[in-house]
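Okay, structure first, notes after.
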Amino acid sequence: MKNTLRILVATDCHLGYLEKDEIRRHDSFQAFEEICSIAEQKQVDFLLLGGDLFHENKPSRSTLVKAIEILRHHCLNDKPVHFQVVSDQTINFPNTFGHVNYEDPHFNVGLPVFSIHGNHDDPAGVDNLSAVDILSACNLVNYFGKMVLGGSGVGQITICPILIKKGSTSVALYGLGNIRDERLNRMFQTPHAVQWMRPEAQEGCQVTDWFNILVLHQNRVKANPKNAINEHFLPRFLDFIVWGHEHECLVDPLEVPGMGFHITQPGSSVATSLIDGESKPKHVLLLEIKGNQYRPTKIPLTSVRPFEYTEIVLKDESDIDSNDQNSIIEHLDKVVQSLIEKSSKRAVNKSELKLPLVRLKVDYSGFMTINPQRFGQKYVGKVANPQDILIFSKASRKGRSDVKIDDSERLRPEELNQQNIEALVAENNLKMEILPVNDLDVALHNFVNKDDKMAFYSCVQYNLEETRSKISQDADPLKFEEEDLILKVGECLEDRVKERNTHSKKDMAFTSSMQSSKDLGSKSSTAVGSAVSFSDDEDTVKASGSKPTRGRKVSSKAADDTPIKTSTRGRGRGRGRGTSSLKQTTLDASLGFRQSQRSASATATATVRSIADTDVMNSASSGEPRENEVEEINDSSENDDSLLSKGRKRTAPRGRGRGSTQSKRGKKSDNSAVQRTFMGRDDSKDDSDDEDNARKILNKSQPRATRNYGALRKGR
């Protein structure tokens with residue numbers, strides 16, 4: 001037991017699901033309470049959660065209080081912790097405290113909990129915080145796998161493992177919180193976009209001695225391959241993968257052919273979708289690791305509400321008359337009664353028998369339907385979901401049944417019946433003239449699903465800044481007339497739409513874009529160094545201008561071994577003491593980044609028109625005409641109807657609320673408002689040339705170098 005690391009694995013607890021339902025409101029908490037109790041009974045070293053701990057992105061106060069009560073009851077005690085975290089904890093846990101919770105001298109943590117975030121409780125808002133961050137700040141959960149998407153284009157991430165040692169057993173725990181599937185799919189197929197850190201060989205502990213575990217929360221099975229993560233994207237050096245997000249319980253580890261690692265899918269602990277996959281018995285997995293060997297043991301959850309599911313085709317039933325509705329109801333009653341009886345027979349604890357969930361899917365092709373709500377009234381007090389026992393469907397004309405359609409969506413019915421802005425625009429043949437449709441779609445998603453009040457503001461500001469930058473780069477703003485600016489902005493929108501069509505939608509989240517860039521810059525300069533990376537077709541790449549290093553970096557598809565350097569952190573009641581010479585390498589996320597090449601949208605069109613109401617741009621009106629001279633018109637203008645042209649006076653366009661030609665804003669300035677808006681810099685042409693040259697230099701790939709990753713502090 002001194003050399004065996006025991007881990008209890010669970011995913012998708014969805015705390016707070018149906019918290020307003022009088023019957024099912026406590027189901028998620030009872031299941032999570034049982035999971036924590038099993039962890040105590042089996043005397044595991046720690047509890048590993050695979051995302052979606054909470055059902056809502058902003059859980060209610062009641063849900064948060066209950067979650068904290070359960071974790072305090074089971075996790076805070078005087079039991080010793082027998083393993084050590086020997087990696088750089090400031091990188092593993094990028095919060096204010098920067099260390100594993102059981103090393104805090106002010107808390108007695110007997111059951112550490114490690115968790116990533118899922119798609120339901122993912123970070124959002126200006127500070128990019130998740131509900132799991134609240135539990136982390138309370139020192140109840142070790143939150144890891146939170147990525148800062150850096151780089152240009154699709155982005156760039158670095159996955160650094162938590163290095164755990166217990167006796168002679170060494171485990172590298174990798175965590176990858178949920179990232180939008182379309183984006184992560186393209187990142188895995190982009191060279192150097194996903195970087196994997198490896199432990200470095202040392203005396204008595206080779207690279208192959210580490211048991212590598214990955215925890216992720218993504219789509220696994222999907223009809224559209226771009227909307228899921230293929231197992232073959234993952235590196236071959238991994239040994240074991242915990243796959244969250246999929247609710248069907250496939251807890252028995254299965255080997256992926258040709259990859260060498262095994263995948264377990266524990267599924268959800270509470271049924272959130274009344275489909276066939278959720279009706280299977282719920283389990284958690286006890287994982288025992290010793291050296292490079294592991295032993296899985298699945299443990300059933302007994303507190304989960306029973307769920308019975310079946311499907312019938314009315315035309316295959318001989319005792320039903322297609323013209324007699326009563327015969328249809330009688331037959332459906334018999335089926336539902338049999339499912340209720342079947343559920344009661346399966347119950348383990350008869351004294352605490354719960355009302356079962358019952359779902360009957362009916363193919364009514366050639367028959368009339370009945371009212372599902374009226375049908376379920378007779379089962380109030382007998383089942384937990386009387387309002388939606390029945391669901392009617394028809395076989396598709398192409399011969400595919402609705403069951404296949406459900407399977408393609410794989411336990412995510414919340415994604416159905418949702419229309420995005422892109423679909424609405426296409427359906428109504430609309431034309432977006434101000435904002436790109438994909439950008440507006442992302443803003444709407446963040447506003448609705450993540451309750452981000454600043455989503456639309458951030459979207460507009462982002463596009464406005466990009467438009468200003470694009471126009472100032474392409475031509476001299478001094479030569480622009482108002483109409484030219486509007487035309488140019490329209491061209492920018494067309495270019496951006498064309499560029500968006502080459503990528504999947506929802507690539508960019510505008511919320512907290514400025515905050516994320518600041519965080520990225522600060523973190524990359526302090527915690528992350530630059531490193532050499534390579535893809536499948538290159539084994540080792542030396543950084544130009546630097547000495548060869550012992551560290552090697554693994555790309556998203558590479559399976560080579562890579563050295564790393566870490567030190568042991570010892571703190572708190574003798575746990576985690578001692579010093580290790582383990583090494584890790586990491587990369588500087590700030591190197592090699594290219595500036596965004598996205599073309600600007602037409603957001604600035606409205607700005608140009610509003611500026612035209614207040615400020616005036618015209619050529620020189622007196623003396624000899626001079627080229628490229630911009631002045632504002634005087635307060636009084638005698639030629640209201642004169643045409644505006646180069647070298648002649650022109651009046652301000654008649655705007656909203658103007659009843660006379662008298663200008664109320666006749667204050668002179670050196671530059672017009674249009675110039676100030678779109679330039680934002682000096683008129684000097686040399687400055688713009690210098691900026692262009694600097695931008696070209698930044699766009700070039702820069703040499704990368706390696707440095708030690710994970711050197712924390714010496715053991716005390």
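Just so we're on the same page: first chain in the structure tokens is A, next is B, and so on; residues restart at 1 for each chain, and ligands are numbered from 1 in the order they show up.
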| task | Write out as a PyMOL selection string all residues of range 119-193 of chain A that backbone DSSP assigns to alpha helix (DSSP H). | result | chain A and resi 131-137+181-188
Select from range 51-165 of chain A every residue with an atom at most 6 Å from any atom of range 36-47 of chain A, then for each give the shortest pair of atoms and their distance in Å to one decimal, using only C-alpha atoms, rows by chain and rising number, as CSV.
```
residue,atom,partner,partner_atom,distance
A:Leu111,CA,A:Phe46,CA,5.7
A:Pro112,CA,A:Phe46,CA,4.9
A:Val113,CA,A:Leu47,CA,4.7
```
Selection file, N, CA, C and O atoms, as a PDB file, in the first residue's frame:
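Listing of part.pdb after writing:
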```pdb
ATOM      1  N   LEU A 111      -8.899  14.457   2.574  1.00  0.00           N
ATOM      2  CA  LEU A 111      -9.282  13.894   1.282  1.00  0.00           C
ATOM      3  C   LEU A 111      -9.136  14.982   0.226  1.00  0.00           C
ATOM      4  O   LEU A 111     -10.056  15.771   0.001  1.00  0.00           O
ATOM      5  N   PRO A 112      -7.988  15.060  -0.445  1.00  0.00           N
ATOM      6  CA  PRO A 112      -7.829  16.060  -1.507  1.00  0.00           C
ATOM      7  C   PRO A 112      -8.748  15.753  -2.694  1.00  0.00           C
ATOM      8  O   PRO A 112      -8.996  14.592  -3.031  1.00  0.00           O
ATOM      9  N   VAL A 113      -9.262  16.795  -3.312  1.00  0.00           N
ATOM     10  CA  VAL A 113     -10.114  16.674  -4.489  1.00  0.00           C
ATOM     11  C   VAL A 113      -9.477  17.466  -5.618  1.00  0.00           C
ATOM     12  O   VAL A 113      -9.164  18.655  -5.455  1.00  0.00           O
TER      13      VAL A 113
END
```
| remark: Using only C-alpha atoms, the residue out of A:Tyr379, A:Phe114, A:Phe144, A:Trp243 with shortest distance to Leu355 in chain A is A:Tyr379
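Interatomic distance, CA of Gln206 in chain A against CA of Leu173 in chain A: 16.5 Å.
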| query | For Ala131 in chain A, which of A:Ala395, A:Cys75, A:Ile116, A:Leu184 is the closest residue, counting only C-alpha atoms? | reply |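 For Ala131 in chain A, the nearest of the candidates is A:Ile116.
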| said: Using only C-alpha atoms, which protein or nucleic acid residues come within 8 Å of range 382-385 of chain A? Drop anything in the same chain fewer than 5 positions from it, and give the result as a PyMOL selection string. | reply: chain A and resi 23-24+340+355-358
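Using only C-alpha atoms, the smallest distance between any of A:Asn108, A:Asn438, A:Ser273, A:Ser458 and Asp388 in chain A comes from A:Ser273.
Proximity of A:Ile320, A:Ile312, A:Val336, A:Leu301 to Asp363 in chain A, computed with only C-alpha atoms, is greatest for A:Ile312.
We find CA of Thr467 in chain A and CA of Leu440 in chain A to be spaced 15.7 Å apart.
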| Nearby residues (only C-alpha atoms) at most 7 Å from range 209-223 of chain A, same-chain spacing under 5 positions excluded, as a ChimeraX atom specification | /A:50-51,118,170-178,181,228-230,238-246,291-292,408-409
| request: Measure the distance from CA of Ala124 in chain A to CA of Glu231 in chain A in Å and round it to one decimal. | output: 27.5 Å
| task | Do a neighbour search on Arg236 in chain A at 7 Å with only C-alpha atoms, toss out local chain neighbours closer than 2 positions, and write the hits as a PyMOL selection string. | result | chain A and resi 234+238+259-260+559
When you look at range 26-32 of chain A with a cut-off of 8 Å (counting only C-alpha atoms), what residues show up, excluding the ones that are within fewer than 6 positions of it in the same chain? I need them as a PDB file with all heavy atoms, in the first residue's frame.
```
ATOM      1  N   CYS A  13     -21.092  15.513 -12.254  1.00  0.00           N
ATOM      2  CA  CYS A  13     -21.991  15.429 -11.094  1.00  0.00           C
ATOM      3  C   CYS A  13     -23.198  16.357 -11.236  1.00  0.00           C
ATOM      4  O   CYS A  13     -24.248  16.096 -10.648  1.00  0.00           O
ATOM      5  CB  CYS A  13     -21.223  15.776  -9.813  1.00  0.00           C
ATOM      6  SG  CYS A  13     -19.902  14.602  -9.423  1.00  0.00           S
ATOM      7  N   HIS A  14     -23.064  17.446 -11.965  1.00  0.00           N
ATOM      8  CA  HIS A  14     -24.169  18.368 -12.273  1.00  0.00           C
ATOM      9  C   HIS A  14     -24.939  18.789 -11.018  1.00  0.00           C
ATOM     10  O   HIS A  14     -26.170  18.665 -10.948  1.00  0.00           O
ATOM     11  CB  HIS A  14     -25.120  17.737 -13.291  1.00  0.00           C
ATOM     12  CG  HIS A  14     -24.556  17.689 -14.684  1.00  0.00           C
ATOM     13  ND1 HIS A  14     -24.672  18.734 -15.565  1.00  0.00           N
ATOM     14  CD2 HIS A  14     -23.849  16.723 -15.328  1.00  0.00           C
ATOM     15  CE1 HIS A  14     -24.077  18.411 -16.711  1.00  0.00           C
ATOM     16  NE2 HIS A  14     -23.553  17.201 -16.590  1.00  0.00           N
ATOM     17  N   LEU A  15     -24.214  19.274 -10.034  1.00  0.00           N
ATOM     18  CA  LEU A  15     -24.864  19.730  -8.806  1.00  0.00           C
ATOM     19  C   LEU A  15     -25.810  20.889  -9.109  1.00  0.00           C
ATOM     20  O   LEU A  15     -25.456  21.834  -9.814  1.00  0.00           O
ATOM     21  CB  LEU A  15     -23.812  20.172  -7.788  1.00  0.00           C
ATOM     22  CG  LEU A  15     -22.848  19.086  -7.295  1.00  0.00           C
ATOM     23  CD1 LEU A  15     -21.862  19.679  -6.291  1.00  0.00           C
ATOM     24  CD2 LEU A  15     -23.599  17.921  -6.680  1.00  0.00           C
ATOM     25  N   GLY A  16     -27.008  20.810  -8.575  1.00  0.00           N
ATOM     26  CA  GLY A  16     -28.013  21.833  -8.794  1.00  0.00           C
ATOM     27  C   GLY A  16     -28.956  21.547  -9.944  1.00  0.00           C
ATOM     28  O   GLY A  16     -29.794  22.397 -10.278  1.00  0.00           O
ATOM     29  N   TYR A  17     -28.855  20.357 -10.544  1.00  0.00           N
ATOM     30  CA  TYR A  17     -29.759  20.030 -11.646  1.00  0.00           C
ATOM     31  C   TYR A  17     -31.194  19.897 -11.126  1.00  0.00           C
ATOM     32  O   TYR A  17     -31.444  19.200 -10.147  1.00  0.00           O
ATOM     33  CB  TYR A  17     -29.321  18.732 -12.320  1.00  0.00           C
ATOM     34  CG  TYR A  17     -30.250  18.275 -13.415  1.00  0.00           C
ATOM     35  CD1 TYR A  17     -30.361  18.994 -14.600  1.00  0.00           C
ATOM     36  CD2 TYR A  17     -31.030  17.138 -13.261  1.00  0.00           C
ATOM     37  CE1 TYR A  17     -31.220  18.583 -15.609  1.00  0.00           C
ATOM     38  CE2 TYR A  17     -31.889  16.722 -14.257  1.00  0.00           C
ATOM     39  CZ  TYR A  17     -31.980  17.452 -15.428  1.00  0.00           C
ATOM     40  OH  TYR A  17     -32.846  17.044 -16.419  1.00  0.00           O
ATOM     41  N   GLU A  19     -33.043  21.936  -9.467  1.00  0.00           N
ATOM     42  CA  GLU A  19     -33.127  22.286  -8.049  1.00  0.00           C
ATOM     43  C   GLU A  19     -34.492  22.860  -7.664  1.00  0.00           C
ATOM     44  O   GLU A  19     -34.811  22.947  -6.483  1.00  0.00           O
ATOM     45  CB  GLU A  19     -32.036  23.287  -7.693  1.00  0.00           C
ATOM     46  CG  GLU A  19     -32.127  24.606  -8.437  1.00  0.00           C
ATOM     47  CD  GLU A  19     -31.033  25.563  -8.023  1.00  0.00           C
ATOM     48  OE1 GLU A  19     -30.402  25.311  -6.986  1.00  0.00           O
ATOM     49  OE2 GLU A  19     -30.819  26.556  -8.732  1.00  0.00           O
ATOM     50  N   LYS A  66     -24.764  23.851  -0.436  1.00  0.00           N
ATOM     51  CA  LYS A  66     -24.831  22.395  -0.288  1.00  0.00           C
ATOM     52  C   LYS A  66     -23.534  21.731  -0.742  1.00  0.00           C
ATOM     53  O   LYS A  66     -23.064  20.772  -0.120  1.00  0.00           O
ATOM     54  CB  LYS A  66     -26.021  21.851  -1.073  1.00  0.00           C
ATOM     55  CG  LYS A  66     -27.373  22.247  -0.493  1.00  0.00           C
ATOM     56  CD  LYS A  66     -28.512  21.711  -1.340  1.00  0.00           C
ATOM     57  CE  LYS A  66     -29.868  22.144  -0.774  1.00  0.00           C
ATOM     58  NZ  LYS A  66     -30.998  21.675  -1.621  1.00  0.00           N
ATOM     59  N   ALA A  67     -22.951  22.226  -1.841  1.00  0.00           N
ATOM     60  CA  ALA A  67     -21.696  21.654  -2.320  1.00  0.00           C
ATOM     61  C   ALA A  67     -20.581  21.853  -1.301  1.00  0.00           C
ATOM     62  O   ALA A  67     -19.795  20.927  -1.027  1.00  0.00           O
ATOM     63  CB  ALA A  67     -21.317  22.285  -3.660  1.00  0.00           C
ATOM     64  N   SER A 269     -23.371  11.125 -12.850  1.00  0.00           N
ATOM     65  CA  SER A 269     -23.906  10.496 -11.636  1.00  0.00           C
ATOM     66  C   SER A 269     -25.382  10.804 -11.440  1.00  0.00           C
ATOM     67  O   SER A 269     -26.002  10.288 -10.505  1.00  0.00           O
ATOM     68  CB  SER A 269     -23.112  10.971 -10.410  1.00  0.00           C
ATOM     69  OG  SER A 269     -23.175  12.381 -10.290  1.00  0.00           O
ATOM     70  N   VAL A 270     -25.960  11.638 -12.312  1.00  0.00           N
ATOM     71  CA  VAL A 270     -27.385  11.958 -12.259  1.00  0.00           C
ATOM     72  C   VAL A 270     -27.886  12.051 -13.689  1.00  0.00           C
ATOM     73  O   VAL A 270     -27.199  12.559 -14.573  1.00  0.00           O
ATOM     74  CB  VAL A 270     -27.634  13.279 -11.494  1.00  0.00           C
ATOM     75  CG1 VAL A 270     -26.910  14.440 -12.165  1.00  0.00           C
ATOM     76  CG2 VAL A 270     -29.115  13.577 -11.373  1.00  0.00           C
ATOM     77  N   LEU A 301     -23.289   3.040  -8.038  1.00  0.00           N
ATOM     78  CA  LEU A 301     -23.912   4.053  -7.191  1.00  0.00           C
ATOM     79  C   LEU A 301     -25.338   3.611  -6.879  1.00  0.00           C
ATOM     80  O   LEU A 301     -26.146   3.390  -7.790  1.00  0.00           O
ATOM     81  CB  LEU A 301     -23.911   5.414  -7.890  1.00  0.00           C
ATOM     82  CG  LEU A 301     -22.542   6.025  -8.195  1.00  0.00           C
ATOM     83  CD1 LEU A 301     -22.695   7.332  -8.960  1.00  0.00           C
ATOM     84  CD2 LEU A 301     -21.740   6.247  -6.923  1.00  0.00           C
ATOM     85  N   SER A 303     -27.504   5.298  -4.764  1.00  0.00           N
ATOM     86  CA  SER A 303     -28.438   6.379  -4.430  1.00  0.00           C
ATOM     87  C   SER A 303     -29.053   7.040  -5.667  1.00  0.00           C
ATOM     88  O   SER A 303     -29.875   7.946  -5.532  1.00  0.00           O
ATOM     89  CB  SER A 303     -27.716   7.451  -3.597  1.00  0.00           C
ATOM     90  OG  SER A 303     -26.682   8.052  -4.339  1.00  0.00           O
ATOM     91  N   VAL A 304     -28.659   6.600  -6.848  1.00  0.00           N
ATOM     92  CA  VAL A 304     -29.167   7.209  -8.082  1.00  0.00           C
ATOM     93  C   VAL A 304     -30.617   6.788  -8.299  1.00  0.00           C
ATOM     94  O   VAL A 304     -30.989   5.625  -8.088  1.00  0.00           O
ATOM     95  CB  VAL A 304     -28.291   6.777  -9.281  1.00  0.00           C
ATOM     96  CG1 VAL A 304     -28.847   7.346 -10.579  1.00  0.00           C
ATOM     97  CG2 VAL A 304     -26.852   7.237  -9.070  1.00  0.00           C
ATOM     98  N   ARG A 305     -31.443   7.727  -8.732  1.00  0.00           N
ATOM     99  CA  ARG A 305     -32.850   7.438  -8.993  1.00  0.00           C
ATOM    100  C   ARG A 305     -32.971   6.430 -10.137  1.00  0.00           C
ATOM    101  O   ARG A 305     -32.354   6.608 -11.186  1.00  0.00           O
ATOM    102  CB  ARG A 305     -33.599   8.726  -9.339  1.00  0.00           C
ATOM    103  CG  ARG A 305     -35.115   8.543  -9.477  1.00  0.00           C
ATOM    104  CD  ARG A 305     -35.798   9.870  -9.753  1.00  0.00           C
ATOM    105  NE  ARG A 305     -35.603  10.803  -8.650  1.00  0.00           N
ATOM    106  CZ  ARG A 305     -36.341  10.815  -7.547  1.00  0.00           C
ATOM    107  NH1 ARG A 305     -37.332   9.932  -7.409  1.00  0.00           N
ATOM    108  NH2 ARG A 305     -36.103  11.688  -6.594  1.00  0.00           N
TER     109      ARG A 305
END
```
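Among the candidates A:Val100, A:Met1, A:Leu487, A:Leu332, the one nearest to Phe375 in chain A when counting only C-alpha atoms is A:Leu332.
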